[in-house]
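Working notes, beginning with the structure itself.
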Amino acid sequence: MEKTIHFISGLPRSGSTLIANVLKQNPTIHGESVSSLASVFGSVNASWNSIEANQEYDNPAAKKGVLGSILQGYYGHIDKPVVIDKDRGWIPLMSQVESVLDRKAKIIVCVRNPAEILTSFERLRKENPLFFTRADAVLREGSNISSRAFYYAGPDGALGLSHRNLKDAVTMGYLDRLLFVDYNRYCNSPKSQTKRIYDFLELPHYDHDFDNIVQTE
């Protein structure tokens, strides 16, 4: 079954998993809170020209076919016509994705107050004291609340990098492909915000149960 693929991206800790779990209540939509599709797609695209044969003959038609097969094949076992794939990595891959799909991408962009995002990271760490976070791995003995906040918001941190990618997408003229959804607005008005998402994706509306949201992964 050929599937229509849309994307959820944006800032970390901003409701992307929540929205994916809401949308997949719709029996025509498949969504997952964790996906490696963007990483696989990006890795193949980046490594294509490192293959000796492709250095001699780039063969762009074959490359497009392989990348298209990855997008469709990743969800080949799913018997639903619409897929919502969630990954912050889709924003910098937008031009490649559009080249493969032969259409404009539609990306739900989750955003949130940066201070709340940093607080959420710290709350997760406090609730899971034995989990060694990426910030702890980088900072080691210098890991404290302040240094972790600077790390996450810095150029290589989850917040800083995703924010920079979003700015680039807007600067490059992709604003019409993006639907910004604020975390607090979504939590306070899930029905109206979900309607915005359906209108953006051009899908028939569905009556969701916002009091019974389940994550199976």
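Please note that chains go A, B, ... in the order of the structure tokens, that every chain numbers its residues from 1, and that ligands are numbered from 1 in the order shown.
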
Write out as CSV a residue-level contact list of stretch 82-150 of chain A versus stretch 177-184 of chain A with cut-off 7 Å: for each qualifying residue the closest pair of atoms and the distance in Å to one decimal, counting only C-alpha atoms, rows sorted by chain and residue number upward.
```
residue,atom,partner,partner_atom,distance
A:Lys104,CA,A:Arg177,CA,6.7
A:Ala105,CA,A:Arg177,CA,5.8
A:Lys106,CA,A:Arg177,CA,5.0
A:Ile107,CA,A:Leu178,CA,5.1
A:Ile108,CA,A:Leu179,CA,4.9
A:Val109,CA,A:Phe180,CA,4.7
A:Cys110,CA,A:Val181,CA,4.9
A:Val111,CA,A:Asp182,CA,5.0
A:Arg112,CA,A:Tyr183,CA,5.4
```

Please identify every residue of stretch 42-144 of chain A that has at least one atom no farther than 9 Å from an atom of stretch 155-171 of chain A, counting only C-alpha atoms, and for each give the shortest atom pair and the distance in Å to one decimal, arranged by chain then increasing number, as CSV.
```
residue,atom,partner,partner_atom,distance
A:Arg88,CA,A:Ser162,CA,6.8
A:Gly89,CA,A:Ser162,CA,8.2
A:Ile91,CA,A:Asn165,CA,6.4
A:Pro92,CA,A:Asn165,CA,6.1
A:Met94,CA,A:Ala169,CA,8.2
A:Val109,CA,A:Leu166,CA,8.8
A:Pro114,CA,A:Leu159,CA,7.8
A:Ile117,CA,A:Leu159,CA,7.9
A:Leu118,CA,A:Leu159,CA,8.3
A:Ala135,CA,A:Gly157,CA,8.3
```

For A:Thr17, the closest of A:Arg148, A:Lys86, A:His77, A:Lys3 counting only C-alpha atoms is A:Lys86

*Once DSSP has gone over the backbone, tell me which residues of stretch 9-210 of chain A are in strand (DSSP E), as an MDAnalysis selection string.*
chainID A and resid 9:10 29:31 82:86 107:111 178:182

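DSSP, applied to the backbone of this structure, assigns helix (DSSP H, G or I) to the following residues of stretch 46-78 of chain A: Ala46, Ser47, Trp48, Asn49, Ser50, Glu52, Ala53, Asn54, Gln55, Glu56, Pro60, Ala61, Ala62, Lys63, Lys64, Gly65, Val66, Leu67, Gly68, Ser69, Ile70, Leu71, Gln72 and Gly73 of chain A.
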
Could you turn the residues from that selection into a file that holds C-alpha atoms, as a PDB file, in the first residue's frame?
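So the final result, stored in part.pdb, reads:
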```
ATOM      1  CA  ALA A  46      24.954  11.434   2.970  1.00  0.00           C
ATOM      2  CA  SER A  47      26.937   8.277   2.174  1.00  0.00           C
ATOM      3  CA  TRP A  48      25.774   7.831  -1.424  1.00  0.00           C
ATOM      4  CA  ASN A  49      28.767   9.592  -2.992  1.00  0.00           C
ATOM      5  CA  SER A  50      31.266   7.834  -0.733  1.00  0.00           C
ATOM      6  CA  GLU A  52      33.296   4.381  -5.475  1.00  0.00           C
ATOM      7  CA  ALA A  53      30.850   3.492  -8.260  1.00  0.00           C
ATOM      8  CA  ASN A  54      28.681   6.481  -7.376  1.00  0.00           C
ATOM      9  CA  GLN A  55      31.718   8.753  -7.532  1.00  0.00           C
ATOM     10  CA  GLU A  56      32.226   7.717 -11.146  1.00  0.00           C
ATOM     11  CA  PRO A  60      20.597  10.553  -9.314  1.00  0.00           C
ATOM     12  CA  ALA A  61      17.575   8.573 -10.556  1.00  0.00           C
ATOM     13  CA  ALA A  62      18.780   5.489  -8.667  1.00  0.00           C
ATOM     14  CA  LYS A  63      19.485   7.555  -5.572  1.00  0.00           C
ATOM     15  CA  LYS A  64      15.978   9.021  -5.643  1.00  0.00           C
ATOM     16  CA  GLY A  65      14.499   5.548  -6.091  1.00  0.00           C
ATOM     17  CA  VAL A  66      16.447   4.114  -3.155  1.00  0.00           C
ATOM     18  CA  LEU A  67      15.511   7.008  -0.847  1.00  0.00           C
ATOM     19  CA  GLY A  68      11.870   6.755  -1.914  1.00  0.00           C
ATOM     20  CA  SER A  69      11.902   3.024  -1.189  1.00  0.00           C
ATOM     21  CA  ILE A  70      13.287   3.749   2.272  1.00  0.00           C
ATOM     22  CA  LEU A  71      10.428   6.147   3.033  1.00  0.00           C
ATOM     23  CA  GLN A  72       7.804   3.661   1.893  1.00  0.00           C
ATOM     24  CA  GLY A  73       9.559   0.452   2.950  1.00  0.00           C
TER      25      GLY A  73
END
```

Per residue of stretch 92-165 of chain A within 9 Å of stretch 38-42 of chain A, record the nearest atom pair and its distance in Å to one decimal, counting only C-alpha atoms, with rows in chain order and ascending residue number, as a Markdown table.
```
| residue | atom | partner | partner_atom | distance |
| --- | --- | --- | --- | --- |
| A:Leu93 | CA | A:Gly42 | CA | 7.1 |
| A:Gln96 | CA | A:Gly42 | CA | 8.8 |
| A:Val97 | CA | A:Phe41 | CA | 8.9 |
```

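Nearest to A:Leu18 of all the residues A:Gly31, A:Gly173, A:Gly76, A:Gly142 is A:Gly31, based on only C-alpha atoms.
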
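Picture a line from atom CA of A:Ala115 to atom CA of A:Ala153; it runs 9.8 Å.
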
Select from stretch 9-125 of chain A every residue with an atom at most 7 Å from any atom of stretch 192-213 of chain A, then for each give the shortest pair of atoms and their distance in Å to one decimal, using only C-alpha atoms, rows by chain and rising number, as a tab-separated table.
```
residue	atom	partner	partner_atom	distance
A:Asn21	CA	A:Ile213	CA	6.5
A:Val22	CA	A:Ile213	CA	6.2
A:Gln25	CA	A:His208	CA	6.7
A:Asn26	CA	A:Tyr206	CA	6.6
A:Lys106	CA	A:Leu201	CA	6.8
```

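Closest to A:Ala149 among A:Val34, A:Gly15, A:Asn128, A:Glu116 is A:Glu116, based on only C-alpha atoms.
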